[in-house]
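K.L.:
Take this structure first; my questions come after.
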Amino acid sequence: MKISWKSIAIKYKNLNNKQKYIAGLVLIILIVIIGIFSKTGKDSGTNKSLETRRIPVVLTPAAVRTFERSIVTQGNLEAKNFAMVSPRIKGIIVAILVDEGDSVFAGKTKLFQIDSLKLEQTVEIQKNEIAVTQCAERQAAANLEKVTTDLNKAELDYKRFKSLFKKQAVTADAYEQQESRYKQLQAAQKLAKAQLALAAERVHQAEAALVISQKDLTDTTVYAPLAGKISLRLQEPGEMGQPGGPVVRIDDVSVIEVSAYLPAQYYSKVTPGRTGMKVSVSGINVGQRIVSYKSPTINPKLRTFEVKCVLKNPPDGVVPGAIAQIEVILESREGLGVPSVAIQKRDNQSVVFIVKHESAHMVRVKTGLENDGWIEIMDGELLEKTPVVSMGQYLIEEGTPVSVQKGQM
């Protein structure tokens, strides 16, 4: 139909404003309709031309890769070695010599001080006690020496009077007196020996008490039992310290354990010394470690079990108390794989497409583990480095003409 735009313009001038407004709207609608029909006609022609084109595809070679079956979870970081340090003796804490965050060294860094005045006095008393017992020991030794001398003289007199009595040179009474004196001094010698032994034991007892007192005095100053950092300060000067009541906590941050809990069904899949754990903390990848511990039992209520691995000399930012992202590798093996997107479902079977003579050909496969965008091929006719369609695969079927995009393999 031929439209006379000149006649339309003359009629348009003769219209009033309202009629001009309505006519303008009708004209706009007419132009839109004409445009739609025009575009539809063009699209139809384009589709007809596309039907004659080849489908562009991208190929990716099949490759041997490491495939893993794993379980992802979260865990905690804990210091493998730590110490809750408490006083060895009861007493007032007079000084705490470290604060949270301080580094300490085993056997060298002083941690805190217990009031030592009473123990210093006790040590002096024990030293005096040793001096007294040593004097008593010397006295007992001197008494034994005197009694022994008297006994030797009495023995000579006794033997002489015995000989004279046999010759009837002395009376029986005189002989009996010498015999009695000799036996009394024998008993006195035994008593003196016992007294000397008792005095010696008292000396040993006093010396042992002095050692204990000196040890208690030494224990008023508490040193770090292991190297690390002060993570907690639990008491302040002036408070009563006593054994079993921690004053500070030390964490050895050079050796950290990563602890996680896994569902019970994976218990048999985890083997300490063999199973791997991939660990990252706050975006810091600390690599793969080997499971060092698996709990001997499963929690009957939670149906979980604990696994641990060790991080030695961890990087900055990896500290006790942080949360770790953990991937426990339950199974790992080498195998042929293709990009996961290359796998298609056709007739309820997994297939990939390869290109032969510029046409798509379908290859049935059996898939296995999937990692990092690649899937394992367990069975099929694929070989290593065989190119498979990894883009454009949704538009092709068996025998579809294709064009391989250059530089994509």
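Residue names in the structure tokens use chain letters A, B, ... in the order shown, residue numbers from 1 in each chain, and ligand numbers from 1 in the order shown.
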Applying 10 Å and only C-alpha atoms, which residues near segment 354-357 of chain A remain after dropping the ones on its own chain fewer than 6 positions away? List them as a VMD selection string.

P.N.:
chain A and resid 57 59 to 61 342 363 382 386 to 390 393 398 to 404

K.L.:
Keeping only C-alpha atoms, write the selected residues to a file as an mmCIF file, in the first residue's frame.

P.N.:
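The resulting part-v6.cif:
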```
data_model
loop_
_atom_site.group_PDB
_atom_site.id
_atom_site.type_symbol
_atom_site.label_atom_id
_atom_site.label_comp_id
_atom_site.auth_asym_id
_atom_site.auth_seq_id
_atom_site.Cartn_x
_atom_site.Cartn_y
_atom_site.Cartn_z
ATOM 1 C CA VAL A 57 32.850 -25.131 19.561
ATOM 2 C CA LEU A 59 37.986 -28.079 22.533
ATOM 3 C CA THR A 60 39.952 -28.965 25.666
ATOM 4 C CA PRO A 61 42.306 -31.995 25.741
ATOM 5 C CA ALA A 342 32.061 -31.254 28.861
ATOM 6 C CA VAL A 363 31.431 -40.873 23.248
ATOM 7 C CA LEU A 382 38.863 -41.498 25.612
ATOM 8 C CA THR A 386 41.993 -36.359 23.195
ATOM 9 C CA PRO A 387 40.219 -33.009 22.604
ATOM 10 C CA VAL A 388 36.637 -32.885 23.896
ATOM 11 C CA VAL A 389 34.051 -30.156 23.349
ATOM 12 C CA SER A 390 34.042 -27.857 26.395
ATOM 13 C CA GLN A 393 28.314 -28.746 23.711
ATOM 14 C CA GLU A 398 25.683 -36.760 17.036
ATOM 15 C CA GLY A 399 26.761 -35.653 13.570
ATOM 16 C CA THR A 400 26.182 -31.923 14.065
ATOM 17 C CA PRO A 401 28.493 -29.873 11.788
ATOM 18 C CA VAL A 402 30.894 -27.848 13.943
ATOM 19 C CA SER A 403 33.690 -25.369 13.517
ATOM 20 C CA VAL A 404 36.551 -25.469 16.007
#
```

K.L.:
To one decimal place, how far is atom CA of Glu236 of chain A from atom CA of Val104 of chain A in Å?

P.N.:
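Computing the Euclidean distance for atom CA of Glu236 of chain A and atom CA of Val104 of chain A yields 18.4 Å.
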
K.L.:
Can you list, as a PyMOL selection string, every protein, DNA or RNA residue that comes within 10 Å of segment 286-296 of chain A when you count only C-alpha atoms, leaving out same-chain residues fewer than 6 positions away?

P.N.:
chain A and resi 257-261+267+270-280+304-311+314-315+318+326-329

K.L.:
Could you please take those selected residues and save C-alpha atoms as a PDB file, in the first residue's frame?

P.N.:
```pdb
ATOM      1  CA  GLU A 257      47.266 -28.297  66.590  1.00  0.00           C
ATOM      2  CA  VAL A 258      44.333 -28.021  64.191  1.00  0.00           C
ATOM      3  CA  SER A 259      41.307 -29.768  65.671  1.00  0.00           C
ATOM      4  CA  ALA A 260      38.112 -30.659  63.806  1.00  0.00           C
ATOM      5  CA  TYR A 261      35.120 -32.951  64.289  1.00  0.00           C
ATOM      6  CA  TYR A 267      35.581 -42.816  60.850  1.00  0.00           C
ATOM      7  CA  VAL A 270      40.589 -41.519  58.275  1.00  0.00           C
ATOM      8  CA  THR A 271      43.984 -43.059  59.078  1.00  0.00           C
ATOM      9  CA  PRO A 272      46.475 -41.170  61.283  1.00  0.00           C
ATOM     10  CA  GLY A 273      49.830 -40.828  59.562  1.00  0.00           C
ATOM     11  CA  ARG A 274      48.274 -41.168  56.083  1.00  0.00           C
ATOM     12  CA  THR A 275      45.113 -39.066  55.659  1.00  0.00           C
ATOM     13  CA  GLY A 276      45.771 -35.494  54.531  1.00  0.00           C
ATOM     14  CA  MET A 277      44.205 -32.255  55.779  1.00  0.00           C
ATOM     15  CA  LYS A 278      44.285 -29.028  53.746  1.00  0.00           C
ATOM     16  CA  VAL A 279      44.219 -26.052  56.101  1.00  0.00           C
ATOM     17  CA  SER A 280      43.693 -22.329  55.593  1.00  0.00           C
ATOM     18  CA  THR A 304      31.214 -37.216  65.638  1.00  0.00           C
ATOM     19  CA  PHE A 305      34.906 -37.918  66.206  1.00  0.00           C
ATOM     20  CA  GLU A 306      37.914 -35.637  66.514  1.00  0.00           C
ATOM     21  CA  VAL A 307      40.894 -35.431  64.180  1.00  0.00           C
ATOM     22  CA  LYS A 308      44.013 -33.293  64.564  1.00  0.00           C
ATOM     23  CA  CYS A 309      47.067 -32.261  62.611  1.00  0.00           C
ATOM     24  CA  VAL A 310      50.151 -30.296  63.669  1.00  0.00           C
ATOM     25  CA  LEU A 311      51.413 -26.967  62.297  1.00  0.00           C
ATOM     26  CA  PRO A 314      53.082 -21.378  61.437  1.00  0.00           C
ATOM     27  CA  PRO A 315      53.078 -18.070  59.492  1.00  0.00           C
ATOM     28  CA  VAL A 318      47.991 -18.339  62.352  1.00  0.00           C
ATOM     29  CA  ILE A 326      39.683 -27.590  56.678  1.00  0.00           C
ATOM     30  CA  GLU A 327      39.401 -30.068  53.832  1.00  0.00           C
ATOM     31  CA  VAL A 328      40.002 -33.662  54.906  1.00  0.00           C
ATOM     32  CA  ILE A 329      41.153 -35.781  51.957  1.00  0.00           C
TER      33      ILE A 329
END
```

K.L.:
Give the answer as one residue: which of A:Gly373, A:Tyr175, A:Ala360, A:Asp379 has the shortest atom-to-atom distance to Glu397 of chain A, using only C-alpha atoms?

P.N.:
A:Ala360

K.L.:
Closest to Leu198 of chain A among A:Glu155, A:Glu239, A:Asp102, A:Glu137, using only C-alpha atoms?

P.N.:
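That would be A:Glu137, the residue with the smallest distance to Leu198 of chain A.
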
K.L.:
Hey, what's within 9 Å of segment 120-136 of chain A if we count only C-alpha atoms and toss same-chain stuff fewer than 2 positions away? As a ChimeraX atom specification, please?

P.N.:
/A:116-118,138-141,196,199-207,209-214,217

K.L.:
Report as a tab-separated table the residues of segment 125-156 of chain A within 12 Å of segment 183-190 of chain A, each with its shortest atom pair and distance in Å (one decimal), using only C-alpha atoms, ordered by chain and increasing residue number.

P.N.:
```
residue	atom	partner	partner_atom	distance
A:Ala140	CA	A:Gln189	CA	11.0
A:Ala141	CA	A:Gln189	CA	10.9
A:Ala142	CA	A:Gln189	CA	11.5
A:Asn143	CA	A:Gln189	CA	8.9
A:Leu144	CA	A:Gln189	CA	6.3
A:Glu145	CA	A:Gln189	CA	8.7
A:Lys146	CA	A:Gln189	CA	8.9
A:Val147	CA	A:Gln189	CA	5.6
A:Thr148	CA	A:Gln189	CA	6.0
A:Thr149	CA	A:Leu185	CA	9.5
A:Asp150	CA	A:Leu185	CA	7.0
A:Leu151	CA	A:Leu185	CA	5.2
A:Asn152	CA	A:Leu185	CA	8.9
A:Lys153	CA	A:Leu185	CA	9.8
A:Ala154	CA	A:Leu185	CA	7.5
A:Glu155	CA	A:Lys183	CA	8.8
```

K.L.:
Could you take the residues named above and write them with C-alpha atoms, as a CSV table (one decimal), in the first residue's frame?

P.N.:
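result18.csv, written as the output of this step:
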```csv
chain,number,residue,atom,x,y,z
A,140,ALA,CA,77.4,-38.0,122.2
A,141,ALA,CA,80.6,-39.0,120.5
A,142,ALA,CA,82.7,-37.7,123.4
A,143,ASN,CA,80.5,-39.5,125.9
A,144,LEU,CA,81.0,-42.7,123.9
A,145,GLU,CA,84.7,-42.2,123.9
A,146,LYS,CA,84.7,-41.7,127.7
A,147,VAL,CA,82.5,-44.8,128.4
A,148,THR,CA,84.7,-46.9,126.1
A,149,THR,CA,87.8,-45.8,128.0
A,150,ASP,CA,86.2,-46.7,131.3
A,151,LEU,CA,85.1,-50.0,129.9
A,152,ASN,CA,88.6,-50.9,128.8
A,153,LYS,CA,89.9,-50.2,132.3
A,154,ALA,CA,87.1,-52.1,133.9
A,155,GLU,CA,87.8,-55.1,131.6
```

K.L.:
Apply DSSP to the backbone of this structure and, from segment 334-409 of chain A, keep only the residues in strand (DSSP E); write these as a VMD selection string.

P.N.:
chain A and resid 334 to 339 344 to 346 349 to 356 359 to 371 374 to 380 387 to 391 402 to 404

K.L.:
Rounded to one decimal, what separation in Å do you get between atom CA of Gln235 of chain A and atom CA of Gly317 of chain A?

P.N.:
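Separation of atom CA of Gln235 of chain A and atom CA of Gly317 of chain A: 27.7 Å.
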